[in-house]
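Student: mmCIF, C-alpha atoms, file model-v8.cif:
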data_input
loop_
_atom_site.label_atom_id
_atom_site.label_comp_id
_atom_site.auth_asym_id
_atom_site.auth_seq_id
_atom_site.Cartn_x
_atom_site.Cartn_y
_atom_site.Cartn_z
CA MET J 1 31.17 -0.02 18.22
CA GLY J 2 31.95 2.44 20.95
CA ASN J 3 35.06 3.93 22.48
CA VAL J 4 37.88 1.97 24.10
CA LEU J 5 36.69 0.89 27.53
CA LEU J 6 39.61 -1.20 28.78
CA SER J 7 43.14 -1.24 27.42
CA ALA J 8 45.88 -3.72 28.34
CA ARG J 9 49.31 -2.46 27.37
CA ASN J 10 52.40 -4.62 27.02
CA ILE J 11 51.45 -7.20 29.64
CA PHE J 12 54.20 -9.55 30.83
CA LYS J 13 53.53 -12.39 33.26
CA SER J 14 55.83 -15.15 34.50
CA TYR J 15 55.97 -17.67 37.33
CA PRO J 16 58.96 -19.13 39.18
CA GLN J 17 60.00 -22.52 37.85
CA GLY J 18 62.94 -24.29 39.43
CA SER J 19 65.94 -21.98 39.29
CA GLY J 20 64.38 -19.85 36.55
CA THR J 21 61.01 -18.53 35.43
CA LEU J 22 58.22 -19.68 33.15
CA ASP J 23 57.11 -16.86 30.85
CA ILE J 24 53.33 -16.98 30.31
CA LEU J 25 52.53 -13.63 28.68
CA LYS J 26 55.16 -11.87 26.61
CA GLY J 27 54.09 -8.31 25.93
CA VAL J 28 50.38 -8.75 25.19
CA SER J 29 48.29 -5.67 24.40
CA LEU J 30 44.52 -5.50 23.86
CA ASP J 31 41.88 -2.80 23.51
CA ILE J 32 38.30 -3.70 24.46
CA GLN J 33 35.69 -1.35 23.09
CA GLU J 34 32.27 -0.60 24.53
CA GLY J 35 29.79 -3.29 23.55
CA GLU J 36 32.41 -5.40 21.78
CA ALA J 37 32.37 -9.22 21.65
CA ILE J 38 35.78 -10.91 21.58
CA GLY J 39 36.58 -14.61 21.45
CA ILE J 40 40.07 -15.68 22.55
CA VAL J 41 41.42 -19.08 21.50
CA GLY J 42 44.70 -20.91 21.88
CA SER J 43 46.16 -24.22 22.95
CA SER J 44 46.45 -25.28 26.58
CA GLY J 45 49.24 -23.31 28.25
CA SER J 46 49.13 -20.45 25.75
CA GLY J 47 48.23 -17.94 28.49
CA LYS J 48 44.51 -17.46 27.77
CA SER J 49 43.23 -17.87 31.32
CA THR J 50 46.14 -15.91 32.78
CA LEU J 51 45.36 -13.02 30.45
CA LEU J 52 41.69 -13.09 31.39
CA GLN J 53 42.55 -13.08 35.10
CA ILE J 54 44.74 -10.00 34.58
CA LEU J 55 42.13 -8.23 32.44
CA GLY J 56 39.62 -8.88 35.22
CA THR J 57 42.07 -7.55 37.87
CA LEU J 58 42.13 -10.93 39.63
CA ASP J 59 45.89 -11.18 39.07
CA TYR J 60 48.80 -8.80 38.55
CA PRO J 61 51.39 -8.87 35.77
CA GLN J 62 55.13 -8.44 36.24
CA SER J 63 54.90 -5.35 34.06
CA GLY J 64 52.42 -3.54 31.86
CA GLU J 65 49.36 -1.35 32.33
CA LEU J 66 45.63 -1.92 32.46
CA ILE J 67 43.80 1.30 31.66
CA TYR J 68 40.10 1.81 32.34
CA LEU J 69 38.78 5.19 31.21
CA GLU J 70 42.29 6.72 31.45
CA LYS J 71 42.97 5.25 34.93
CA ASN J 72 45.75 2.67 35.46
CA LEU J 73 44.01 -0.01 37.53
CA PHE J 74 47.27 -1.51 38.78
CA GLN J 75 47.91 1.70 40.69
CA LEU J 76 44.79 1.15 42.83
CA ASP J 77 44.98 -0.51 46.22
CA ASP J 78 43.17 -3.80 46.99
CA GLU J 79 40.06 -2.10 48.38
CA GLN J 80 39.76 0.19 45.35
CA LEU J 81 40.25 -2.75 42.98
CA SER J 82 37.58 -4.78 44.78
CA LEU J 83 35.15 -1.89 44.41
CA PHE J 84 36.04 -1.57 40.73
CA ARG J 85 35.38 -5.28 40.12
CA ASN J 86 32.07 -5.19 41.97
CA GLN J 87 30.85 -2.19 39.99
CA THR J 88 32.34 -2.76 36.56
CA ILE J 89 33.25 -6.39 35.84
CA GLY J 90 31.36 -9.66 35.70
CA PHE J 91 33.23 -12.96 35.68
CA VAL J 92 32.00 -16.42 34.64
CA PHE J 93 34.24 -19.45 35.17
CA GLN J 94 34.19 -22.97 33.76
CA PHE J 95 32.78 -24.21 37.06
CA HIS J 96 29.81 -22.30 38.47
CA HIS J 97 31.18 -21.82 42.03
CA LEU J 98 27.70 -21.45 43.53
CA LEU J 99 27.25 -21.83 47.28
CA SER J 100 25.34 -25.06 47.91
CA GLU J 101 23.52 -23.73 50.98
CA LEU J 102 22.02 -20.79 49.08
CA SER J 103 19.15 -20.76 46.58
CA ALA J 104 19.61 -19.56 43.01
CA LEU J 105 18.26 -16.14 43.94
CA GLU J 106 20.43 -15.90 47.05
CA ASN J 107 23.54 -16.81 45.06
CA VAL J 108 22.80 -14.11 42.51
CA LEU J 109 22.31 -11.54 45.28
CA LEU J 110 25.77 -12.09 46.81
CA PRO J 111 27.53 -9.27 44.86
CA CYS J 112 24.70 -6.90 45.83
CA ARG J 113 25.09 -7.74 49.52
CA ILE J 114 28.84 -7.17 49.28
CA ALA J 115 28.10 -3.74 47.78
CA ASN J 116 25.52 -2.98 50.52
CA GLN J 117 22.92 -2.40 47.81
CA ASP J 118 19.32 -1.92 48.90
CA ILE J 119 18.15 -5.53 49.17
CA GLY J 120 14.61 -4.83 47.97
CA ILE J 121 15.82 -3.19 44.76
CA ALA J 122 18.54 -5.81 44.33
CA THR J 123 16.06 -8.66 44.72
CA ARG J 124 13.79 -7.26 42.02
CA GLN J 125 16.77 -6.85 39.70
CA ALA J 126 17.97 -10.39 40.40
CA GLU J 127 14.52 -11.86 39.81
CA GLU J 128 14.20 -10.01 36.51
CA LEU J 129 17.66 -11.15 35.46
CA LEU J 130 16.98 -14.78 36.29
CA ALA J 131 13.73 -14.58 34.34
CA PHE J 132 15.61 -13.05 31.39
CA LEU J 133 17.97 -16.04 31.51
CA GLY J 134 15.08 -18.51 31.54
CA LEU J 135 15.16 -19.31 35.27
CA GLY J 136 12.09 -17.45 36.47
CA ASP J 137 10.68 -20.67 37.95
CA ARG J 138 13.97 -21.69 39.61
CA LEU J 139 14.47 -18.76 42.00
CA ASN J 140 14.21 -20.83 45.17
CA HIS J 141 15.91 -23.97 43.89
CA TYR J 142 19.25 -24.96 45.39
CA PRO J 143 22.28 -25.95 43.29
CA ASN J 144 21.68 -29.67 43.84
CA GLN J 145 18.23 -29.20 42.32
CA LEU J 146 19.51 -27.60 39.11
CA SER J 147 20.93 -29.05 35.90
CA GLY J 148 24.41 -28.21 34.64
CA GLY J 149 23.06 -25.66 32.20
CA GLU J 150 20.88 -24.07 34.86
CA LEU J 151 23.81 -23.83 37.27
CA GLN J 152 25.83 -21.95 34.69
CA ARG J 153 22.91 -19.62 33.98
CA VAL J 154 22.73 -18.77 37.68
CA ALA J 155 26.47 -18.08 37.63
CA ILE J 156 25.95 -15.79 34.63
CA ALA J 157 23.13 -13.99 36.43
CA ARG J 158 25.41 -13.46 39.44
CA ALA J 159 28.05 -11.98 37.11
CA LEU J 160 25.50 -9.60 35.58
CA VAL J 161 23.46 -8.51 38.60
CA ARG J 162 25.60 -5.44 39.33
CA GLN J 163 25.16 -4.33 35.71
CA PRO J 164 28.84 -4.52 34.73
CA ARG J 165 30.26 -2.89 31.64
CA ILE J 166 32.42 -5.89 30.78
CA LEU J 167 31.67 -9.61 31.12
CA PHE J 168 34.65 -11.99 31.13
CA ALA J 169 34.11 -15.72 30.73
CA ASP J 170 36.74 -18.45 31.01
CA GLU J 171 35.68 -21.66 29.20
CA PRO J 172 32.02 -21.09 30.21
CA THR J 173 30.78 -24.15 28.31
CA GLY J 174 33.69 -26.47 29.14
CA ASN J 175 31.73 -28.62 31.62
CA LEU J 176 28.47 -28.81 29.63
CA ASP J 177 27.03 -31.33 27.21
CA SER J 178 26.57 -30.28 23.58
CA MET J 179 22.94 -29.15 23.94
CA ASN J 180 23.53 -27.03 27.06
CA SER J 181 26.76 -25.74 25.56
CA TYR J 182 24.88 -24.46 22.52
CA LYS J 183 22.23 -22.79 24.68
CA ILE J 184 24.84 -21.01 26.82
CA GLN J 185 26.73 -19.89 23.71
CA GLU J 186 23.59 -18.32 22.27
CA LEU J 187 22.88 -16.75 25.63
CA PHE J 188 26.13 -14.77 25.56
CA PHE J 189 25.14 -13.06 22.33
CA LYS J 190 21.65 -12.40 23.66
CA ILE J 191 23.26 -10.76 26.70
CA ARG J 192 25.46 -8.58 24.52
CA GLU J 193 22.53 -7.52 22.33
CA GLN J 194 20.06 -6.88 25.15
CA LEU J 195 22.33 -5.48 27.86
CA LYS J 196 24.79 -3.63 25.59
CA ILE J 197 27.90 -4.73 27.45
CA ALA J 198 31.30 -5.89 26.21
CA ILE J 199 31.97 -9.62 26.45
CA VAL J 200 35.34 -11.36 26.29
CA VAL J 201 35.27 -15.17 26.21
CA VAL J 202 38.17 -17.61 26.39
CA THR J 203 37.22 -20.92 24.79
CA HIS J 204 38.79 -24.04 23.34
CA ASP J 205 35.62 -24.54 21.26
CA LEU J 206 36.48 -23.22 17.79
CA HIS J 207 32.83 -23.43 16.70
CA PHE J 208 31.90 -21.11 19.57
CA ALA J 209 34.82 -18.79 18.85
CA GLN J 210 33.86 -18.43 15.21
CA LYS J 211 30.57 -16.83 16.25
CA PHE J 212 32.42 -13.79 17.61
CA PRO J 213 32.88 -10.70 15.42
CA ARG J 214 36.48 -10.50 16.67
CA ILE J 215 38.60 -13.61 17.24
CA LEU J 216 42.10 -13.47 18.74
CA HIS J 217 44.57 -16.37 18.81
CA LEU J 218 47.07 -16.52 21.66
CA LYS J 219 50.14 -18.68 21.00
CA ASP J 220 53.11 -19.05 23.35
CA GLY J 221 52.18 -15.89 25.26
CA ARG J 222 51.78 -13.66 22.21
CA TRP J 223 49.07 -12.85 19.71
CA ALA J 224 49.38 -15.00 16.61
CA GLU J 225 48.86 -13.52 13.18
#
Represent the structure of the file as structure tokens.

Tutor:
Amino acid sequence: MGNVLLSARNIFKSYPQGSGTLDILKGVSLDIQEGEAIGIVGSSGSGKSTLLQILGTLDYPQSGELIYLEKNLFQLDDEQLSLFRNQTIGFVFQFHHLLSELSALENVLLPCRIANQDIGIATRQAEELLAFLGLGDRLNHYPNQLSGGELQRVAIARALVRQPRILFADEPTGNLDSMNSYKIQELFFKIREQLKIAIVVVTHDLHFAQKFPRILHLKDGRWAE
């Protein structure tokens, strides 16, 4: 285990509801260490996805801090935060969100194009990554030519292509059958072992969660004992 990479401190999040507010997160704190694997579980509405969105800087809390290497990320402007996400964070969602008009390789290259990375170098990296994920023969296939498991692997490759230090995943096996779900689950631990990055996964699958060295249970916006 390494040093603390990302630290969420006393995160509160609420949304307007009628004449009042709906409290989603109620003072949640979390340290993510270098190379750590964390599984987060909890019932629907417990705040799991909201927390992951905030950890990934895709949403802001009402109060609290998110510290990356001694820098409070919520003090950055939108352009600085976008650059941080592109360089440091990978995100995998329940649905793959691939662009139908682009091939697998072209979808994976999107974060590299946004970063104005040398396209020749980026293409070689993307090809190697897709091969690592078992898609070396699917580079030029379009989303409608890929299975559910293959689509999610392409989405994972897209999340990893910029060599992030942290990979967040929100119910990454939620839309898959049992066989593909198992394969994707095993893939996350292969990624952690081979690429040496931290992974944080929100899942309703307790069998999947139990594979993580560290399991956290979110209940009513707070960590449960």

Student: Which residues fall under the PyMOL selection byres ((chain J and resi 213) around 7) in this file, as a list in words?

Tutor: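 With the PyMOL selection byres ((chain J and resi 213) around 7) on this model, the match is Ala37, Ile38, Lys211, Phe212, Arg214 and Ile215 of chain J.
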
Student: List, as a list in words, every residue that the PyMOL selection byres ((chain J and resi 62) around 10) selects in the file provided.

Tutor: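 Going through the file, the PyMOL selection byres ((chain J and resi 62) around 10) ends up selecting Ile11, Phe12, Lys13, Ser14, Tyr15, Leu25, Tyr60, Pro61, Ser63, Gly64 and Glu65 of chain J.
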
Student: Please produce an output containing C-alpha atoms for each residue in the selection, written as a tab-separated table (two decimals), keeping the file's coordinate frame.

Tutor:
chain	number	residue	atom	x	y	z
J	11	ILE	CA	51.45	-7.20	29.64
J	12	PHE	CA	54.20	-9.55	30.83
J	13	LYS	CA	53.53	-12.39	33.26
J	14	SER	CA	55.83	-15.15	34.50
J	15	TYR	CA	55.97	-17.67	37.33
J	25	LEU	CA	52.53	-13.63	28.68
J	60	TYR	CA	48.80	-8.80	38.55
J	61	PRO	CA	51.39	-8.87	35.77
J	63	SER	CA	54.90	-5.35	34.06
J	64	GLY	CA	52.42	-3.54	31.86
J	65	GLU	CA	49.36	-1.35	32.33

Student: The PyMOL selection byres ((chain J and resi 200) around 12) on the file shown: which residues, as JSON, numbers by chain?

Tutor: {"J": [6, 30, 31, 32, 33, 34, 35, 36, 37, 38, 39, 40, 41, 48, 49, 51, 52, 53, 55, 56, 89, 90, 91, 92, 165, 166, 167, 168, 169, 170, 171, 172, 188, 189, 192, 197, 198, 199, 201, 202, 203, 209, 212, 213, 214, 215, 216]}

Student: Could you tell me how far CA of Gly136 in chain J sits from CA of Phe93 in chain J, in Å to one decimal place?

Tutor: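 Calculated distance between CA of Phe93 in chain J and CA of Gly136 in chain J is 22.3 Å.
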
Student: Nearest residue to Ala115 in chain J out of J:Ser82, J:Gln145, J:Gln17, J:Ser103, using all atoms listed in the file?

Tutor: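 Residue with the minimum atom-to-atom distance to Ala115 in chain J: J:Ser82.
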
Student: If we count all atoms listed in the file, what is near Glu186 in chain J at a cut-off of 10 Å, once residues fewer than 5 positions away on the same chain are taken out, given as a PyMOL selection string?

Tutor: chain J and resi 180-181+191+208+211

Student: Pick out the closest residue to Lys183 in chain J from this set: J:Gly27, J:Pro16, J:Gly134, J:Pro111. Count all atoms listed in the file.

Tutor: J:Gly134

Student: In Å, rounded to a single decimal, give me how far CA of Gly42 in chain J is from CA of Lys219 in chain J.

Tutor: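 Calculated distance between CA of Lys219 in chain J and CA of Gly42 in chain J is 5.9 Å.
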
Student: Kindly indicate which residue among J:Ser44, J:Gln94, J:Thr50, J:Gln125 lies nearest to Gly148 in chain J, using only C-alpha atoms for the distances.

Tutor: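 Selected residue with least distance to Gly148 in chain J: J:Gln94.
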
Student: One number please: CA of Ile121 in chain J to CA of Tyr68 in chain J, in Å, one decimal.

Tutor: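 These atoms are spaced 27.7 Å apart.
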
Student: Do you know which residues are at most 8 Å from Leu110 in chain J counting all atoms listed in the file, after dropping those on the same chain fewer than 4 positions away, and could you put them as a ChimeraX atom specification?

Tutor: /J:106,114,158

Student: Next, write the just-selected residues to a file, as a tab-separated table (two decimals), in the coordinates of the input, keeping C-alpha atoms as the atom set.

Tutor:
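Result file part-v4.tsv:
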chain	number	residue	atom	x	y	z
J	106	GLU	CA	20.43	-15.90	47.05
J	114	ILE	CA	28.84	-7.17	49.28
J	158	ARG	CA	25.41	-13.46	39.44
